[in-house]
Amino acid sequence: MQLALNHICAPKLSLEEFFAMSRRLGVEAVEIRNDIPNVVGRRAPTEVRRAAAEAGVHIVSINALYPFNRWSGDLPGRARALADYAAECGAEALVMCPLNDGTAVPQDELPHALGEMAGVLRERGLRGLVEPLGFPISSLRRKAEALAAIAASGGDDVHYLLHDTFHHHLAGETEFFADRTGLVHVSGVTDRQVRVEDMRDAHRVLVDGTDRLGNLAQLRALLAAGYIGPISFEPFAAEIHDLDDPEAALKDTIAFVTSGVTEAA
């Protein structure tokens, strides 16, 4: 497995500290963000590129363009600006998330937005990682719908799926599209009381033996189907963000996931 770390794993660490921790954990692939923490808004892309080179890591993505499927208002400008930043800092791809506030998006808007984004990405040598969100209020919940829209947009050459184990579980999905997947996000839910339909980002912790999302089974299925891309840890829970020693916690979850997947192979 090619492991990666998303900066949200330890958002209180500076960019340089996060990169250094990743290398100590044996991970060379990283993701930076424009929210938690907002590296994009606080650091020049040339600084990010230099820090990554000095640490010996490569940036697989920037997380995220939102809401990519409403190609209107300020979105086109924001999309180009974020793509420019990605190209300048050395990132390989942009994560693209759909509108997630309960508002329905007309069916024809999705392939239109993907077609427009395809042009933006091609000009800069980037890939788009389309991440369906499994929440009941999401305007794009399932990967098959995303793939159909990608095909309709003519953007197959630059757009790929982002398989998020949390959202895969929330949406009740059973299909895996390993050959069209460019990145996998991993997080766990261990709260025994919360119902699946009530799971939110605040419940997303690091994966361990009490995980309810079937992370190990999902990863085995993806790898068995030929997935060879990065598998990136992305916990959102405040309890993880506030850890005094995130490196130790990440070391444990990496060992758990690695052994759990490889032992069953």
# chains A, B, ... in the order shown; residues from 1 in each chain; ligands from 1

$ closest_atom_pairs --of "segment 42-136 of chain A" --to "segment 150-162 of chain A" --cutoff "10 Å" --atoms "only C-alpha atoms" --output "tab-separated table"
residue	atom	partner	partner_atom	distance
A:Ala93	CA	A:Val158	CA	9.3
A:Leu94	CA	A:His159	CA	9.7
A:Val95	CA	A:Leu162	CA	7.7
A:Met96	CA	A:Leu162	CA	8.7
A:Cys97	CA	A:Leu162	CA	9.6
A:Asp108	CA	A:Ala152	CA	9.7
A:Leu110	CA	A:Ile150	CA	8.4
A:Pro111	CA	A:Ser153	CA	4.7
A:His112	CA	A:Ser153	CA	6.4
A:Ala113	CA	A:Ser153	CA	8.2
A:Leu114	CA	A:Ser153	CA	5.9
A:Gly115	CA	A:Ser153	CA	4.7
A:Glu116	CA	A:Ser153	CA	8.5
A:Met117	CA	A:Gly155	CA	8.5
A:Ala118	CA	A:Gly155	CA	5.5
A:Gly119	CA	A:Gly155	CA	8.4
A:Leu121	CA	A:Val158	CA	7.1
A:Arg122	CA	A:Val158	CA	7.0
A:Gly125	CA	A:Val158	CA	8.8
A:Leu126	CA	A:Val158	CA	7.2
A:Arg127	CA	A:Val158	CA	4.8
A:Gly128	CA	A:His159	CA	4.6
A:Leu129	CA	A:Tyr160	CA	5.1
A:Val130	CA	A:Leu161	CA	4.9
A:Glu131	CA	A:Leu162	CA	4.8
A:Pro132	CA	A:Leu162	CA	7.6
A:Leu133	CA	A:Leu162	CA	10.0

$ select_by_dssp --residues "segment 3-191 of chain A" --states "helix (DSSP H, G or I)" --output "PyMOL selection string"
chain A and resi 7-9+15-24+39-42+45-55+75-89+109-124+143-153+165-170+178-180

$ closest_residue --among "A:Val257, A:Ala83, A:Ala64, A:Leu3" --to "Gly229 of chain A" --atoms "only C-alpha atoms"
A:Leu3

$ atom_distance --atom1 "atom CA of Val27 of chain A" --atom2 "atom CA of Met199 of chain A"
28.8 Å

$ residues_around --residues "Ile231 of chain A" --least-positions-apart "2" --cutoff "8 Å" --atoms "only C-alpha atoms" --output "PyMOL selection string"
chain A and resi 1-4+183-186+229+233

$ write_last_selection --atoms "N, CA and C atoms" --output "tab-separated table (two decimals), in the first residue's frame"
chain	number	residue	atom	x	y	z
A	1	MET	N	0.83	-1.19	0.00
A	1	MET	CA	0.00	0.00	0.00
A	1	MET	C	0.87	1.25	0.00
A	2	GLN	N	0.43	2.24	-0.76
A	2	GLN	CA	1.07	3.55	-0.74
A	2	GLN	C	0.29	4.43	0.22
A	3	LEU	N	0.84	4.68	1.39
A	3	LEU	CA	0.13	5.45	2.40
A	3	LEU	C	0.38	6.95	2.23
A	4	ALA	N	-0.57	7.75	2.69
A	4	ALA	CA	-0.46	9.20	2.65
A	4	ALA	C	-1.07	9.76	3.93
A	183	LEU	N	-7.56	8.37	-5.50
A	183	LEU	CA	-7.15	8.61	-4.12
A	183	LEU	C	-8.20	7.97	-3.21
A	184	VAL	N	-7.74	7.48	-2.06
A	184	VAL	CA	-8.63	6.93	-1.04
A	184	VAL	C	-8.42	7.68	0.26
A	185	HIS	N	-9.51	8.11	0.87
A	185	HIS	CA	-9.48	8.72	2.20
A	185	HIS	C	-9.99	7.72	3.23
A	186	VAL	N	-9.28	7.64	4.34
A	186	VAL	CA	-9.59	6.69	5.39
A	186	VAL	C	-9.86	7.41	6.71
A	229	GLY	N	-3.14	3.44	-5.96
A	229	GLY	CA	-2.86	4.82	-5.58
A	229	GLY	C	-2.71	5.01	-4.09
A	233	PHE	N	-4.94	9.08	5.35
A	233	PHE	CA	-5.69	9.16	6.61
A	233	PHE	C	-6.25	10.57	6.77

$ residues_around --residues "Leu15 of chain A" --least-positions-apart "6" --cutoff "10 Å" --atoms "only C-alpha atoms" --output "PyMOL selection string"
chain A and resi 7+21+32+37+39+43+47-48+51-52

$ write_last_selection --atoms "all heavy atoms" --output "PDB file, in the first residue's frame"
ATOM      1  N   HIS A   7      -3.147  16.710   6.131  1.00  0.00           N
ATOM      2  CA  HIS A   7      -2.742  17.613   7.205  1.00  0.00           C
ATOM      3  C   HIS A   7      -3.781  17.702   8.313  1.00  0.00           C
ATOM      4  O   HIS A   7      -3.462  18.067   9.451  1.00  0.00           O
ATOM      5  CB  HIS A   7      -2.457  19.003   6.634  1.00  0.00           C
ATOM      6  CG  HIS A   7      -1.599  19.860   7.504  1.00  0.00           C
ATOM      7  ND1 HIS A   7      -0.969  21.001   7.054  1.00  0.00           N
ATOM      8  CD2 HIS A   7      -1.242  19.770   8.815  1.00  0.00           C
ATOM      9  CE1 HIS A   7      -0.278  21.559   8.039  1.00  0.00           C
ATOM     10  NE2 HIS A   7      -0.434  20.836   9.119  1.00  0.00           N
ATOM     11  N   MET A  21       6.940  15.051  10.433  1.00  0.00           N
ATOM     12  CA  MET A  21       6.284  13.922  11.088  1.00  0.00           C
ATOM     13  C   MET A  21       5.950  12.833  10.079  1.00  0.00           C
ATOM     14  O   MET A  21       6.136  11.631  10.338  1.00  0.00           O
ATOM     15  CB  MET A  21       5.002  14.383  11.784  1.00  0.00           C
ATOM     16  CG  MET A  21       4.244  13.259  12.478  1.00  0.00           C
ATOM     17  SD  MET A  21       2.586  13.724  13.043  1.00  0.00           S
ATOM     18  CE  MET A  21       1.724  13.889  11.459  1.00  0.00           C
ATOM     19  N   ILE A  32      -2.349  18.718   1.480  1.00  0.00           N
ATOM     20  CA  ILE A  32      -2.522  19.974   2.201  1.00  0.00           C
ATOM     21  C   ILE A  32      -3.942  20.465   1.988  1.00  0.00           C
ATOM     22  O   ILE A  32      -4.676  19.958   1.130  1.00  0.00           O
ATOM     23  CB  ILE A  32      -1.502  21.037   1.761  1.00  0.00           C
ATOM     24  CG1 ILE A  32      -1.670  21.387   0.277  1.00  0.00           C
ATOM     25  CG2 ILE A  32      -0.086  20.565   2.060  1.00  0.00           C
ATOM     26  CD1 ILE A  32      -0.832  22.568  -0.164  1.00  0.00           C
ATOM     27  N   PRO A  37      -5.881  22.556   8.406  1.00  0.00           N
ATOM     28  CA  PRO A  37      -5.622  23.986   8.530  1.00  0.00           C
ATOM     29  C   PRO A  37      -5.617  24.643   7.154  1.00  0.00           C
ATOM     30  O   PRO A  37      -5.476  23.969   6.130  1.00  0.00           O
ATOM     31  CB  PRO A  37      -4.236  24.022   9.161  1.00  0.00           C
ATOM     32  CG  PRO A  37      -3.554  22.813   8.579  1.00  0.00           C
ATOM     33  CD  PRO A  37      -4.637  21.762   8.461  1.00  0.00           C
ATOM     34  N   VAL A  39      -3.677  26.058   4.934  1.00  0.00           N
ATOM     35  CA  VAL A  39      -2.321  26.295   4.415  1.00  0.00           C
ATOM     36  C   VAL A  39      -2.374  27.177   3.173  1.00  0.00           C
ATOM     37  O   VAL A  39      -1.561  28.091   3.005  1.00  0.00           O
ATOM     38  CB  VAL A  39      -1.627  24.948   4.108  1.00  0.00           C
ATOM     39  CG1 VAL A  39      -0.345  25.177   3.304  1.00  0.00           C
ATOM     40  CG2 VAL A  39      -1.306  24.215   5.395  1.00  0.00           C
ATOM     41  N   ARG A  43       0.064  30.382   3.358  1.00  0.00           N
ATOM     42  CA  ARG A  43       1.431  30.190   2.891  1.00  0.00           C
ATOM     43  C   ARG A  43       1.499  30.357   1.377  1.00  0.00           C
ATOM     44  O   ARG A  43       0.631  29.873   0.646  1.00  0.00           O
ATOM     45  CB  ARG A  43       1.935  28.779   3.273  1.00  0.00           C
ATOM     46  CG  ARG A  43       1.924  28.480   4.769  1.00  0.00           C
ATOM     47  CD  ARG A  43       2.964  29.291   5.528  1.00  0.00           C
ATOM     48  NE  ARG A  43       4.311  28.970   5.125  1.00  0.00           N
ATOM     49  CZ  ARG A  43       5.060  28.026   5.729  1.00  0.00           C
ATOM     50  NH1 ARG A  43       4.580  27.331   6.760  1.00  0.00           N
ATOM     51  NH2 ARG A  43       6.290  27.805   5.327  1.00  0.00           N
ATOM     52  N   GLU A  47       6.617  28.681  -1.030  1.00  0.00           N
ATOM     53  CA  GLU A  47       7.052  28.215   0.285  1.00  0.00           C
ATOM     54  C   GLU A  47       6.673  26.756   0.493  1.00  0.00           C
ATOM     55  O   GLU A  47       7.459  25.966   1.035  1.00  0.00           O
ATOM     56  CB  GLU A  47       6.428  29.061   1.387  1.00  0.00           C
ATOM     57  CG  GLU A  47       6.872  30.499   1.440  1.00  0.00           C
ATOM     58  CD  GLU A  47       6.167  31.281   2.531  1.00  0.00           C
ATOM     59  OE1 GLU A  47       5.378  30.685   3.283  1.00  0.00           O
ATOM     60  OE2 GLU A  47       6.407  32.490   2.613  1.00  0.00           O
ATOM     61  N   VAL A  48       5.464  26.409   0.065  1.00  0.00           N
ATOM     62  CA  VAL A  48       4.994  25.031   0.222  1.00  0.00           C
ATOM     63  C   VAL A  48       5.842  24.088  -0.615  1.00  0.00           C
ATOM     64  O   VAL A  48       6.258  23.014  -0.158  1.00  0.00           O
ATOM     65  CB  VAL A  48       3.506  24.930  -0.169  1.00  0.00           C
ATOM     66  CG1 VAL A  48       3.036  23.477  -0.121  1.00  0.00           C
ATOM     67  CG2 VAL A  48       2.649  25.796   0.746  1.00  0.00           C
ATOM     68  N   ALA A  51       9.228  23.679   1.071  1.00  0.00           N
ATOM     69  CA  ALA A  51       9.155  22.872   2.285  1.00  0.00           C
ATOM     70  C   ALA A  51       8.996  21.393   1.956  1.00  0.00           C
ATOM     71  O   ALA A  51       9.598  20.528   2.609  1.00  0.00           O
ATOM     72  CB  ALA A  51       7.991  23.345   3.165  1.00  0.00           C
ATOM     73  N   ALA A  52       8.197  21.088   0.949  1.00  0.00           N
ATOM     74  CA  ALA A  52       8.006  19.688   0.549  1.00  0.00           C
ATOM     75  C   ALA A  52       9.302  19.098   0.009  1.00  0.00           C
ATOM     76  O   ALA A  52       9.670  17.959   0.339  1.00  0.00           O
ATOM     77  CB  ALA A  52       6.900  19.596  -0.492  1.00  0.00           C
TER      78      ALA A  52
END

$ residues_around --residues "Lys251 of chain A" --least-positions-apart "5" --cutoff "9 Å" --atoms "only C-alpha atoms" --output "JSON, numbers by chain"
{"A": [25, 246, 256]}

$ write_last_selection --atoms "N, CA, C and O atoms" --output "mmCIF file, in the first residue's frame"
data_model
loop_
_atom_site.group_PDB
_atom_site.id
_atom_site.type_symbol
_atom_site.label_atom_id
_atom_site.label_comp_id
_atom_site.auth_asym_id
_atom_site.auth_seq_id
_atom_site.Cartn_x
_atom_site.Cartn_y
_atom_site.Cartn_z
ATOM 1 N N LEU A 25 7.236 8.851 10.069
ATOM 2 C CA LEU A 25 6.291 7.734 10.034
ATOM 3 C C LEU A 25 6.463 6.880 8.778
ATOM 4 O O LEU A 25 5.725 5.909 8.583
ATOM 5 N N PRO A 246 0.020 13.364 18.304
ATOM 6 C CA PRO A 246 -0.619 12.791 17.116
ATOM 7 C C PRO A 246 0.260 11.785 16.398
ATOM 8 O O PRO A 246 -0.247 10.833 15.788
ATOM 9 N N PHE A 256 -2.092 -0.732 12.467
ATOM 10 C CA PHE A 256 -3.335 -1.512 12.486
ATOM 11 C C PHE A 256 -3.860 -1.734 11.075
ATOM 12 O O PHE A 256 -4.205 -2.863 10.689
#

$ closest_residue --among "A:Ala144, A:Ala149, A:Ala87, A:Ala10" --to "Asp244 of chain A" --atoms "only C-alpha atoms"
A:Ala10

$ atom_distance --atom1 "atom CA of Arg49 of chain A" --atom2 "atom CA of Ser61 of chain A"
12.6 Å

$ closest_residue --among "A:Ala55, A:Val189, A:Val40, A:Ala79" --to "Phe18 of chain A" --atoms "only C-alpha atoms"
A:Ala55

$ atom_distance --atom1 "atom CA of Glu31 of chain A" --atom2 "atom CA of Ser259 of chain A"
23.1 Å

$ select_by_dssp --residues "segment 43-231 of chain A" --states "strand (DSSP E or B)" --output "VMD selection string"
chain A and resid 58 to 65 93 to 96 127 to 130 159 to 164 181 to 186 188 205 230 to 231

$ closest_residue --among "A:Thr262, A:Arg200, A:Cys9, A:Gly56" --to "Ala249 of chain A" --atoms "only C-alpha atoms"
A:Cys9

$ decode --residues "segment 78-96 of chain A" --atoms "C-alpha atoms" --output "mmCIF file, in the first residue's frame"
data_model
loop_
_atom_site.group_PDB
_atom_site.id
_atom_site.type_symbol
_atom_site.label_atom_id
_atom_site.label_comp_id
_atom_site.auth_asym_id
_atom_site.auth_seq_id
_atom_site.Cartn_x
_atom_site.Cartn_y
_atom_site.Cartn_z
ATOM 1 C CA ARG A 78 -11.855 30.347 -7.222
ATOM 2 C CA ALA A 79 -11.300 27.161 -9.210
ATOM 3 C CA ARG A 80 -8.658 28.771 -11.415
ATOM 4 C CA ALA A 81 -6.956 30.398 -8.450
ATOM 5 C CA LEU A 82 -6.792 27.119 -6.530
ATOM 6 C CA ALA A 83 -5.555 25.280 -9.617
ATOM 7 C CA ASP A 84 -2.854 27.927 -10.090
ATOM 8 C CA TYR A 85 -1.808 27.470 -6.473
ATOM 9 C CA ALA A 86 -1.726 23.678 -6.874
ATOM 10 C CA ALA A 87 0.471 23.893 -9.939
ATOM 11 C CA GLU A 88 2.830 26.377 -8.276
ATOM 12 C CA CYS A 89 3.210 24.392 -5.046
ATOM 13 C CA GLY A 90 3.772 21.095 -6.858
ATOM 14 C CA ALA A 91 0.500 19.374 -5.975
ATOM 15 C CA GLU A 92 -0.682 16.653 -8.329
ATOM 16 C CA ALA A 93 -4.451 17.058 -7.979
ATOM 17 C CA LEU A 94 -7.398 18.997 -6.593
ATOM 18 C CA VAL A 95 -10.040 17.335 -4.435
ATOM 19 C CA MET A 96 -13.485 18.457 -5.621
#
